[in-house]
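Here is entry-v8.csv, consisting of CSV, C-alpha atoms:
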chain,number,residue,atom,x,y,z
A,1,MET,CA,148.3,113.3,93.6
A,2,LEU,CA,147.5,117.0,94.1
A,3,ILE,CA,144.0,116.5,92.9
A,4,LYS,CA,143.5,113.6,95.3
A,5,LYS,CA,144.7,115.8,98.1
A,6,PHE,CA,142.3,118.5,97.1
A,7,PHE,CA,139.3,116.1,97.0
A,8,ASP,CA,140.3,114.6,100.3
A,9,HIS,CA,140.5,118.0,101.8
A,10,ILE,CA,137.1,119.0,100.4
A,11,SER,CA,135.6,115.8,101.6
A,12,ASN,CA,136.9,116.2,105.1
A,13,TRP,CA,136.3,120.0,105.5
A,14,LYS,CA,133.3,120.5,103.3
A,15,MET,CA,131.1,121.5,106.3
A,16,ALA,CA,133.6,124.1,107.5
A,17,TRP,CA,134.0,125.6,104.0
A,18,PHE,CA,130.3,125.6,103.4
A,19,GLY,CA,129.8,127.4,106.8
A,20,LEU,CA,132.4,130.0,106.0
A,21,ILE,CA,131.4,130.8,102.4
A,22,PHE,CA,127.7,130.0,102.2
A,23,LEU,CA,126.5,130.8,105.7
A,24,GLY,CA,129.0,133.6,106.1
A,25,SER,CA,127.7,135.3,102.9
A,26,ILE,CA,124.1,135.0,104.0
A,27,ILE,CA,124.7,136.3,107.6
A,28,ASN,CA,126.8,139.1,106.1
A,29,ALA,CA,124.0,140.1,103.7
A,30,VAL,CA,121.4,140.0,106.4
A,31,LEU,CA,123.5,142.0,108.8
A,32,GLN,CA,124.4,144.6,106.1
A,33,LYS,CA,120.7,145.3,105.7
A,34,SER,CA,120.2,145.7,109.5
A,35,SER,CA,120.0,149.3,110.6
A,36,LEU,CA,121.5,148.4,114.0
A,37,VAL,CA,124.8,146.9,112.9
A,38,GLY,CA,124.9,147.5,109.1
A,39,ASP,CA,127.3,150.4,109.4
A,40,SER,CA,129.8,148.7,111.7
A,41,PRO,CA,133.2,148.1,110.0
A,42,TYR,CA,133.5,144.6,111.7
A,43,VAL,CA,130.2,143.3,110.5
A,44,SER,CA,131.8,141.2,107.7
A,45,VAL,CA,134.4,139.8,110.1
A,46,PHE,CA,131.6,138.8,112.5
A,47,ALA,CA,129.4,137.4,109.8
A,48,PHE,CA,132.0,135.2,108.1
A,49,GLY,CA,133.4,134.2,111.5
A,50,ALA,CA,130.0,133.1,112.7
A,51,GLY,CA,129.5,131.1,109.4
A,52,ALA,CA,132.9,129.4,109.9
A,53,LEU,CA,132.1,128.6,113.5
A,54,ILE,CA,128.8,127.1,112.6
A,55,GLY,CA,130.5,125.0,109.9
A,56,LEU,CA,133.3,123.9,112.3
A,57,VAL,CA,130.8,122.9,115.0
A,58,ALA,CA,128.9,120.9,112.3
A,59,LYS,CA,132.1,119.2,111.2
A,60,ILE,CA,133.0,118.3,114.8
A,61,ARG,CA,129.4,117.0,115.4
A,62,GLY,CA,129.3,115.3,112.0
A,63,ALA,CA,125.8,116.7,111.4
A,64,TRP,CA,124.2,120.1,110.8
A,65,LEU,CA,121.2,119.7,113.0
B,1,MET,CA,108.5,85.0,88.7
B,2,ARG,CA,107.4,81.8,90.4
B,3,GLU,CA,103.6,81.6,90.7
B,4,SER,CA,101.9,80.8,94.0
B,5,PRO,CA,99.6,77.8,93.7
B,6,GLU,CA,96.8,79.7,95.5
B,7,ILE,CA,96.6,82.3,92.7
B,8,ALA,CA,93.9,81.5,90.1
B,9,ALA,CA,95.1,81.3,86.5
B,10,GLU,CA,93.0,84.3,85.6
B,11,PHE,CA,95.1,86.4,88.0
B,12,SER,CA,98.5,85.0,86.9
B,13,PHE,CA,101.6,87.2,86.8
B,14,LYS,CA,101.7,86.8,83.1
B,15,LYS,CA,98.3,88.3,82.7
B,16,GLU,CA,99.1,91.0,85.2
B,17,LYS,CA,102.2,91.9,83.2
B,18,ALA,CA,100.3,92.0,79.9
B,19,ILE,CA,97.8,94.5,81.3
B,20,ALA,CA,100.6,96.6,82.8
B,21,LYS,CA,102.3,96.6,79.5
B,22,SER,CA,99.3,98.0,77.8
B,23,PHE,CA,99.7,101.1,80.1
B,24,SER,CA,103.4,101.4,79.4
B,25,GLN,CA,103.3,102.5,75.8
B,26,ARG,CA,102.1,106.1,75.8
B,27,PHE,CA,104.6,109.0,75.3
B,28,GLN,CA,105.0,110.8,78.6
B,29,TRP,CA,104.6,114.4,77.2
B,30,GLU,CA,103.1,115.7,80.5
B,31,MET,CA,106.2,114.9,82.4
B,32,ILE,CA,108.5,116.4,79.9
B,33,LEU,CA,106.4,119.6,79.9
B,34,ILE,CA,106.5,119.7,83.7
B,35,GLY,CA,110.2,118.9,84.0
B,36,LEU,CA,111.5,121.3,81.4
B,37,GLY,CA,108.8,123.9,82.2
B,38,GLN,CA,109.6,124.1,85.8
B,39,ALA,CA,113.3,124.4,85.0
B,40,VAL,CA,112.7,127.2,82.5
B,41,ILE,CA,110.5,129.0,85.0
B,42,TRP,CA,113.0,128.6,87.7
B,43,LEU,CA,115.9,129.8,85.5
B,44,SER,CA,113.9,132.9,84.4
B,45,LEU,CA,113.3,133.8,88.1
B,46,TRP,CA,117.0,134.9,88.3
B,47,PRO,CA,116.9,137.8,85.8
B,48,LEU,CA,113.4,138.7,86.9
B,49,VAL,CA,114.4,139.0,90.5
B,50,LEU,CA,117.8,140.5,89.9
B,51,ASN,CA,116.3,143.2,87.7
B,52,GLY,CA,113.7,144.0,90.3
B,53,ILE,CA,110.8,142.9,88.0
B,54,ILE,CA,109.4,140.6,90.6
B,55,ASP,CA,109.9,140.6,94.4
B,56,LEU,CA,112.4,138.2,95.9
B,57,TRP,CA,109.7,136.7,98.1
B,58,VAL,CA,107.5,136.0,95.1
B,59,GLY,CA,110.5,134.4,93.4
B,60,PHE,CA,111.1,132.3,96.5
B,61,LEU,CA,107.5,131.0,96.4
B,62,ILE,CA,107.6,130.2,92.7
B,63,ALA,CA,111.1,128.6,93.0
B,64,SER,CA,109.8,126.4,95.9
B,65,LEU,CA,106.9,125.3,93.8
B,66,CYS,CA,109.3,124.5,90.9
B,67,ALA,CA,111.4,122.5,93.3
B,68,CYS,CA,108.4,120.4,94.3
B,69,PHE,CA,107.7,119.6,90.7
B,70,ALA,CA,111.3,118.9,89.8
B,71,TYR,CA,111.9,115.3,90.9
B,72,LEU,CA,109.1,113.3,89.2
B,73,PRO,CA,110.0,114.1,85.6
B,74,SER,CA,113.6,112.9,86.4
B,75,HIS,CA,112.1,109.8,88.0
B,76,GLU,CA,110.3,108.9,84.8
B,77,ALA,CA,113.7,109.4,83.0
B,78,GLN,CA,115.4,107.2,85.5
B,79,HIS,CA,113.1,104.4,84.5
B,80,GLY,CA,113.6,105.1,80.8
B,81,ASN,CA,109.9,105.9,80.4
B,82,TYR,CA,110.5,108.6,77.7
B,83,SER,CA,112.6,106.4,75.4
B,84,ARG,CA,110.7,103.2,76.2
B,85,GLY,CA,113.6,101.1,74.9
B,86,ASN,CA,114.0,103.1,71.7
B,87,LEU,CA,117.7,103.8,71.4
B,88,LYS,CA,117.1,106.8,69.2
B,89,ARG,CA,115.1,108.4,72.0
B,90,ARG,CA,117.5,107.5,74.8
B,91,TRP,CA,118.9,111.0,74.8
B,92,LEU,CA,115.5,112.3,75.9
B,93,ASP,CA,115.8,110.4,79.2
B,94,GLY,CA,119.2,111.9,80.0
B,95,PHE,CA,118.2,115.4,78.8
B,96,VAL,CA,115.0,115.6,80.8
B,97,GLY,CA,116.6,113.8,83.8
B,98,HIS,CA,119.5,116.2,84.0
B,99,ILE,CA,117.7,119.5,83.3
B,100,THR,CA,114.8,119.0,85.7
B,101,LEU,CA,117.1,118.2,88.6
B,102,ILE,CA,119.0,121.5,88.4
B,103,THR,CA,116.4,123.0,90.6
B,104,LEU,CA,117.0,120.4,93.3
B,105,MET,CA,120.8,120.5,92.8
B,106,TYR,CA,121.1,116.7,92.4
B,107,PRO,CA,123.1,114.9,89.8
B,108,TYR,CA,120.9,112.7,87.6
B,109,HIS,CA,123.3,109.7,87.4
B,110,LEU,CA,123.4,109.5,91.2
B,111,LEU,CA,119.7,109.5,91.7
B,112,ARG,CA,119.2,107.1,88.8
B,113,VAL,CA,121.5,104.4,90.1
B,114,THR,CA,120.4,104.7,93.7
B,115,HIS,CA,116.8,104.6,92.7
B,116,MET,CA,117.3,101.4,90.7
B,117,LYS,CA,118.8,99.9,93.8
B,118,HIS,CA,115.8,101.1,95.8
B,119,HIS,CA,113.6,99.2,93.5
B,120,ALA,CA,115.8,96.1,93.5
B,121,TYR,CA,116.1,96.0,97.3
B,122,THR,CA,113.1,97.9,98.7
B,123,ASN,CA,113.1,97.9,102.5
B,124,ASP,CA,116.3,96.0,102.8
B,125,PRO,CA,118.1,97.8,105.7
B,126,GLU,CA,121.5,97.3,104.1
B,127,LYS,CA,120.9,97.8,100.4
B,128,ASP,CA,117.9,100.1,100.0
B,129,PRO,CA,119.3,103.7,99.7
B,130,ASP,CA,115.8,105.0,100.7
B,131,TYR,CA,115.6,102.7,103.8
B,132,LEU,CA,116.2,105.5,106.4
B,133,ASN,CA,113.5,107.7,104.9
B,134,ALA,CA,110.7,105.1,105.2
B,135,HIS,CA,111.8,103.6,108.5
B,136,THR,CA,111.9,106.7,110.6
B,137,SER,CA,109.6,107.4,113.6
B,138,SER,CA,107.9,110.5,112.3
B,139,VAL,CA,107.5,113.0,109.5
B,140,LEU,CA,109.4,115.5,111.6
B,141,LYS,CA,112.3,113.1,111.9
B,142,VAL,CA,112.3,112.7,108.1
B,143,ILE,CA,112.4,116.4,107.6
B,144,LYS,CA,115.2,116.8,110.1
B,145,ASN,CA,117.2,114.0,108.4
B,146,VAL,CA,116.7,115.5,105.0
B,147,LEU,CA,117.7,119.0,106.1
B,148,ASP,CA,120.7,117.5,107.8
B,149,GLY,CA,121.7,115.5,104.7
B,150,SER,CA,121.9,112.3,106.7
B,151,THR,CA,119.3,110.4,104.6
B,152,VAL,CA,121.4,110.8,101.5
B,153,ASP,CA,124.5,109.0,102.7
B,154,PHE,CA,125.3,108.0,99.1
B,155,GLU,CA,128.9,107.1,99.9
B,156,LYS,CA,127.7,104.3,102.1
B,157,TYR,CA,126.1,102.7,99.0
B,158,LEU,CA,129.2,103.1,97.0
B,159,GLU,CA,130.8,100.7,99.5
B,160,VAL,CA,127.7,98.4,99.6
B,161,PHE,CA,127.6,98.1,95.8
B,162,SER,CA,131.4,98.3,95.2
B,163,ALA,CA,131.3,95.1,93.1
B,164,ASP,CA,128.6,96.4,90.8
B,165,LYS,CA,130.6,98.1,88.0
B,166,ALA,CA,127.6,99.8,86.4
B,167,PHE,CA,126.7,101.3,89.8
B,168,VAL,CA,130.2,102.5,90.5
B,169,ASN,CA,130.6,104.0,86.9
B,170,SER,CA,127.4,106.0,87.2
B,171,PHE,CA,128.3,107.1,90.7
B,172,GLU,CA,131.7,108.3,89.4
B,173,LYS,CA,130.0,110.1,86.5
B,174,ALA,CA,127.8,112.0,89.0
B,175,ILE,CA,130.7,113.3,91.2
B,176,PRO,CA,131.8,116.1,88.7
B,177,MET,CA,128.2,117.3,88.5
B,178,ALA,CA,127.8,117.3,92.3
B,179,LEU,CA,131.0,119.3,92.6
B,180,LEU,CA,129.9,121.7,89.9
B,181,TYR,CA,126.6,122.3,91.6
B,182,ARG,CA,128.4,123.1,94.9
B,183,PHE,CA,130.9,125.4,93.1
B,184,ILE,CA,128.2,127.3,91.3
B,185,LEU,CA,126.2,127.6,94.5
B,186,LEU,CA,129.2,129.0,96.4
B,187,VAL,CA,130.1,131.5,93.7
B,188,LEU,CA,126.5,132.7,93.4
B,189,VAL,CA,126.1,133.1,97.1
B,190,ILE,CA,129.1,135.4,97.2
B,191,ILE,CA,127.7,137.6,94.4
B,192,PHE,CA,124.0,137.3,95.2
B,193,PRO,CA,123.7,136.0,98.8
B,194,LEU,CA,120.0,136.4,99.5
B,195,GLU,CA,118.9,135.6,96.0
B,196,THR,CA,120.9,132.3,96.1
B,197,LEU,CA,119.4,131.5,99.5
B,198,LEU,CA,115.8,132.2,98.5
B,199,LEU,CA,115.8,131.1,94.8
B,200,TRP,CA,117.9,128.0,95.0
B,201,TRP,CA,119.2,126.7,98.3
B,202,LEU,CA,116.0,126.9,100.4
B,203,PRO,CA,113.6,125.9,97.5
B,204,ALA,CA,115.9,122.9,96.8
B,205,LYS,CA,115.6,121.9,100.5
B,206,ILE,CA,111.8,122.4,100.5
B,207,GLY,CA,111.5,120.3,97.3
B,208,THR,CA,113.7,117.6,98.7
B,209,VAL,CA,111.7,117.5,101.9
B,210,TYR,CA,108.4,117.3,99.9
B,211,THR,CA,109.8,114.6,97.6
B,212,THR,CA,111.2,112.5,100.5
B,213,VAL,CA,108.0,112.7,102.6
B,214,PHE,CA,105.6,111.9,99.8
B,215,PHE,CA,107.7,109.6,97.7
B,216,SER,CA,109.7,107.7,100.2
B,217,TYR,CA,108.2,108.0,103.7
B,218,PHE,CA,104.4,107.6,103.3
B,219,PRO,CA,104.4,105.0,100.5
B,220,HIS,CA,106.8,102.6,102.3
B,221,LEU,CA,105.8,103.4,105.9
B,222,GLY,CA,105.5,100.2,107.9
B,223,THR,CA,106.0,97.9,104.9
B,224,SER,CA,108.2,94.9,104.6
B,225,THR,CA,110.1,93.2,101.8
B,226,GLY,CA,108.5,91.3,98.9
B,227,ARG,CA,106.9,92.3,95.6
B,228,TYR,CA,103.4,92.8,96.9
B,229,GLN,CA,104.4,93.9,100.4
B,230,ASN,CA,107.1,96.5,100.0
B,231,THR,CA,104.8,99.5,99.2
B,232,ARG,CA,101.3,100.3,100.4
B,233,PHE,CA,98.1,102.2,99.4
B,234,TRP,CA,97.5,105.0,101.7
B,235,THR,CA,95.3,108.1,102.0
B,236,HIS,CA,96.0,111.8,102.5
B,237,TRP,CA,93.8,114.9,102.9
B,238,MET,CA,95.6,116.5,100.0
B,239,PRO,CA,94.0,116.1,96.5
B,240,ARG,CA,96.2,113.6,94.9
B,241,TYR,CA,97.4,115.7,92.0
B,242,LEU,CA,99.0,118.0,94.6
B,243,ASN,CA,101.1,115.2,96.0
B,244,HIS,CA,101.8,113.6,92.7
B,245,SER,CA,99.4,110.8,93.4
B,246,MET,CA,101.8,109.1,95.6
B,247,GLN,CA,99.0,107.2,97.3
B,248,LEU,CA,99.2,105.1,94.1
B,249,HIS,CA,103.0,104.5,94.4
B,250,PHE,CA,102.3,100.8,95.0
B,251,ILE,CA,101.5,100.3,91.3
B,252,HIS,CA,104.8,102.0,90.3
B,253,HIS,CA,106.8,99.5,92.4
B,254,LEU,CA,104.9,96.6,90.7
B,255,HIS,CA,105.4,98.0,87.2
B,256,PRO,CA,107.8,100.9,86.9
B,257,SER,CA,107.3,101.3,83.2
B,258,ILE,CA,103.7,102.4,83.6
B,259,GLY,CA,103.7,106.2,82.9
B,260,HIS,CA,102.9,108.3,85.9
B,261,TYR,CA,99.7,109.8,84.5
B,262,ASP,CA,98.5,106.3,83.3
B,263,GLU,CA,98.8,104.8,86.8
B,264,PRO,CA,95.2,105.5,87.9
B,265,LYS,CA,93.8,103.6,84.9
B,266,ALA,CA,96.3,100.8,85.4
B,267,ILE,CA,95.2,100.5,89.0
B,268,GLU,CA,91.6,100.2,88.0
B,269,ALA,CA,92.5,97.5,85.5
B,270,LEU,CA,94.8,95.6,87.9
B,271,LYS,CA,92.6,95.9,91.0
B,272,PRO,CA,91.2,92.3,90.8
B,273,PHE,CA,94.8,91.0,90.5
B,274,LEU,CA,95.9,92.9,93.6
B,275,VAL,CA,92.8,91.8,95.6
B,276,ALA,CA,93.6,88.2,94.6
B,277,ARG,CA,97.1,88.6,95.9
B,278,GLN,CA,95.7,90.1,99.1
B,279,VAL,CA,97.6,93.3,98.8
B,280,PRO,CA,96.8,95.4,101.9
B,281,GLY,CA,94.2,98.1,101.1
B,282,ALA,CA,93.7,96.8,97.5
B,283,ASP,CA,90.0,96.0,98.2
B,284,GLN,CA,89.5,99.7,99.1
B,285,ILE,CA,90.6,100.9,95.7
B,286,PRO,CA,87.6,102.6,94.1
B,287,ASP,CA,86.4,101.2,90.8
B,288,ARG,CA,87.2,104.5,89.3
B,289,VAL,CA,90.2,106.6,90.5
B,290,THR,CA,89.1,110.2,90.3
B,291,HIS,CA,90.7,113.7,90.5
B,292,ASN,CA,93.1,113.3,87.7
B,293,PRO,CA,92.3,115.7,84.9
B,294,LEU,CA,95.1,114.4,82.6
B,295,ILE,CA,93.4,111.0,82.2
B,296,ARG,CA,90.7,110.8,79.7
B,297,THR,CA,87.7,109.1,81.1

Step by step, read the file and then write its structure as structure tokens.
Amino acid sequence: MLIKKFFDHISNWKMAWFGLIFLGSIINAVLQKSSLVGDSPYVSVFAFGAGALIGLVAKIRGAWL
Amino acid sequence: MRESPEIAAEFSFKKEKAIAKSFSQRFQWEMILIGLGQAVIWLSLWPLVLNGIIDLWVGFLIASLCACFAYLPSHEAQHGNYSRGNLKRRWLDGFVGHITLITLMYPYHLLRVTHMKHHAYTNDPEKDPDYLNAHTSSVLKVIKNVLDGSTVDFEKYLEVFSADKAFVNSFEKAIPMALLYRFILLVLVIIFPLETLLLWWLPAKIGTVYTTVFFSYFPHLGTSTGRYQNTRFWTHWMPRYLNHSMQLHFIHHLHPSIGHYDEPKAIEALKPFLVARQVPGADQIPDRVTHNPLIRT
């Protein structure tokens, strides 16, 4: 039952999770290398927030592009 | 197969099949070498890049090349062309099929069952899992669909073939592998974000776009249903060994057991049969198919 719930959740929210973890990590790594914002303490919050937002928009639209 | 009365006895399906069978015997060592070779090269890129021995951008280019070479060895495995019906060699199909697809992040079982359905129902809008790829308005649309993931709506086909036990079993076998790929990707991206992007995710996308455009879109573009109508001969500016000879994909749909590197010779031998059956473009097949160094002439 718990496993089914877990898989249902993954199936429904996979785009949002992918955005948060995958895109968030990529955006974070790119921004960390940037001389403009790399030193900002909020860079990770912004990066993972942006990733999550992109994922959420994709989930709502039902497509990435 | 029921024979059309207009086909002369010398071009019968029985004779066509006998010729095709003569090209379906050889051990496909080239494909095994390419499949396992690209996987080993791709895997070795990780320590090489992480230890700073090669630049990440160089790694990205090599990984993208590996990804473009990754599908075809698995495709031969999907048709059982390594074991050739020998049960003792069956492990080889699964082994090569699984290993070579790591670069593309696809489970072998999933691609095998959906590809078998593609052969059984080519160009059927409801049952052909590749239908959307071949019946799209432009290459750009195909690329967009592939990047979007909308051309691989595998769950739809689980519903379509829900009565086919073998299909459902293979599909279910593929789910843990698909989840494992996603899990590894998400763990790796947290630890090595840019390396994961440029050594795996982006190359896998590039490899999938390349495979879909050259294996699904061009060979089936504008074709209909029927054994001699569902695939076409076509031309491309690229030397054919760079696009895996997909201009010759027609012969693969006729006789999937012919080894990939034996297809040019098979086409030369079967040309009169194809002309007799008025296959579009068959009369333009050269008497000798060139530009394939792996075929002894």

Sorted by chain and rising residue number, list the residues of chain A at most 9 Å from chain B (counting only C-alpha atoms), each with its closest atom pair and distance in Å to one decimal, as a Markdown table.
| residue | atom | partner | partner_atom | distance |
| --- | --- | --- | --- | --- |
| A:Phe18 | CA | B:Leu186 | CA | 7.9 |
| A:Ile21 | CA | B:Leu186 | CA | 6.6 |
| A:Phe22 | CA | B:Leu186 | CA | 6.1 |
| A:Leu23 | CA | B:Val189 | CA | 8.9 |
| A:Ser25 | CA | B:Pro193 | CA | 5.8 |
| A:Ile26 | CA | B:Pro193 | CA | 5.3 |
| A:Ile27 | CA | B:Pro193 | CA | 8.9 |
| A:Asn28 | CA | B:Pro193 | CA | 8.5 |
| A:Ala29 | CA | B:Pro193 | CA | 6.4 |
| A:Val30 | CA | B:Leu194 | CA | 7.9 |
| A:Ala63 | CA | B:Asp148 | CA | 6.3 |
| A:Trp64 | CA | B:Asp148 | CA | 5.3 |
| A:Leu65 | CA | B:Asp148 | CA | 5.7 |

Next item on the list: Have a look at atom CA of A:Ile54 and atom CA of A:Gly19 and let me know their distance in Å, one decimal.
Entry: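 Distance reported for this atom pair: 5.9 Å.
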
Check: What is the atom CA of B:Lys127-atom CA of B:Phe250 distance in Å, reported with one decimal?
Finding: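 Distance reported for this atom pair: 19.6 Å.
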
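Using all atoms listed in the file for every distance, the candidate list A:Ser40, A:Gly51, A:Ser35, A:Phe46 yields A:Gly51 as the residue closest to A:Ala16.
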
Checklist line | B:Leu33 environment, 12 Å, only C-alpha atoms, sequence neighbours closer than 4 positions dropped, as number ranges by chain | finding: B: 27-29, 37-41, 69-70, 72-74, 82, 96, 99-100

Next item on the list: Figure out the distance between atom CA of A:Ile3 and atom CA of B:Asn169, please, to one decimal in Å.
Entry: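 So the answer is 19.3 Å.
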
Margin query: Nearest residue to A:Gln32 out of A:Ala52, A:Met1, A:Ile60, A:Val45, using all atoms listed in the file?
Written below: A:Val45

Which stretch 47-97 of chain B residues have any atom within 8 Å of an atom of stretch 102-120 of chain B, and for each, what is the nearest pair of atoms with distance in Å to one decimal, counting only C-alpha atoms, rows sorted by chain and number, as CSV?
residue,atom,partner,partner_atom,distance
B:Cys66,CA,B:Thr103,CA,7.3
B:Ala67,CA,B:Thr103,CA,5.7
B:Ala70,CA,B:Thr103,CA,6.6
B:Tyr71,CA,B:Leu104,CA,7.6
B:Ser74,CA,B:Tyr108,CA,7.4
B:His75,CA,B:Arg112,CA,7.6
B:Gln78,CA,B:Arg112,CA,5.0
B:His79,CA,B:Arg112,CA,7.9
B:Gly94,CA,B:Tyr108,CA,7.8
B:Gly97,CA,B:Tyr108,CA,5.8

Selected residues written out, C-alpha atoms, as a compact mmCIF listing (two decimals), keeping the file's coordinate frame:
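After the write, result.txt holds the following:
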# COMPACT_ATOMS: atom_id res chain seq x y z
CA CYS B 66 109.30 124.50 90.90
CA ALA B 67 111.40 122.50 93.30
CA ALA B 70 111.30 118.90 89.80
CA TYR B 71 111.90 115.30 90.90
CA SER B 74 113.60 112.90 86.40
CA HIS B 75 112.10 109.80 88.00
CA GLN B 78 115.40 107.20 85.50
CA HIS B 79 113.10 104.40 84.50
CA GLY B 94 119.20 111.90 80.00
CA GLY B 97 116.60 113.80 83.80

Note to self: Need to verify the contact set: A:Val43, 8 Å, all atoms listed in the file, exclusion of same-chain residues closer than 4 positions in sequence. Can you return it as a VMD selection string?
What the structure shows: chain A and resid 28 31 to 32 37 to 39 47

Next item on the list: Would you list the contacts of B:Ile143 as a list in words, taking every protein, DNA or RNA residue within 8 Å and counting only C-alpha atoms, but skipping same-chain residues closer than 3 positions in sequence?
Entry: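 So the residues in contact are Val139, Leu140, Val146, Leu147, Val209 and Val213 of chain B.
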
Check: Which of these, B:Ile54, B:Cys68, B:Ala266, B:Leu132, has the shortest distance to B:Thr208 once you count all atoms listed in the file?
Finding: B:Cys68

Check: Which one is closest to B:Tyr241: B:His260, B:His253, B:Arg227, B:Lys15? Count only C-alpha atoms.
Finding: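 Of the candidates, the smallest distance to B:Tyr241 is held by B:His260.
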
Item checked: Contact residues around B:Trp57 with only C-alpha atoms at 9 Å, ignoring same-chain residues under 4 positions, as a list in words ->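 Selected residues are Leu61, Ile62, Leu198 and Leu199 of chain B.
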
Margin query: Taking (108.6, 127.2, 98.7) in the coordinates of the supplied file, I want to know which residues reach to within 8 Å of it, counting only C-alpha atoms; could you give the answer as a PyMOL selection string?
Written below: chain B and resi 60-65+67+202-203+206-207

Checklist line | Among listed residues B:Ile19, B:Ala166, B:Ala77, B:Leu48, nearest B:Glu268 (using all atoms listed in the file) | finding: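 The shortest atom-to-atom distance to B:Glu268 comes from B:Ile19.
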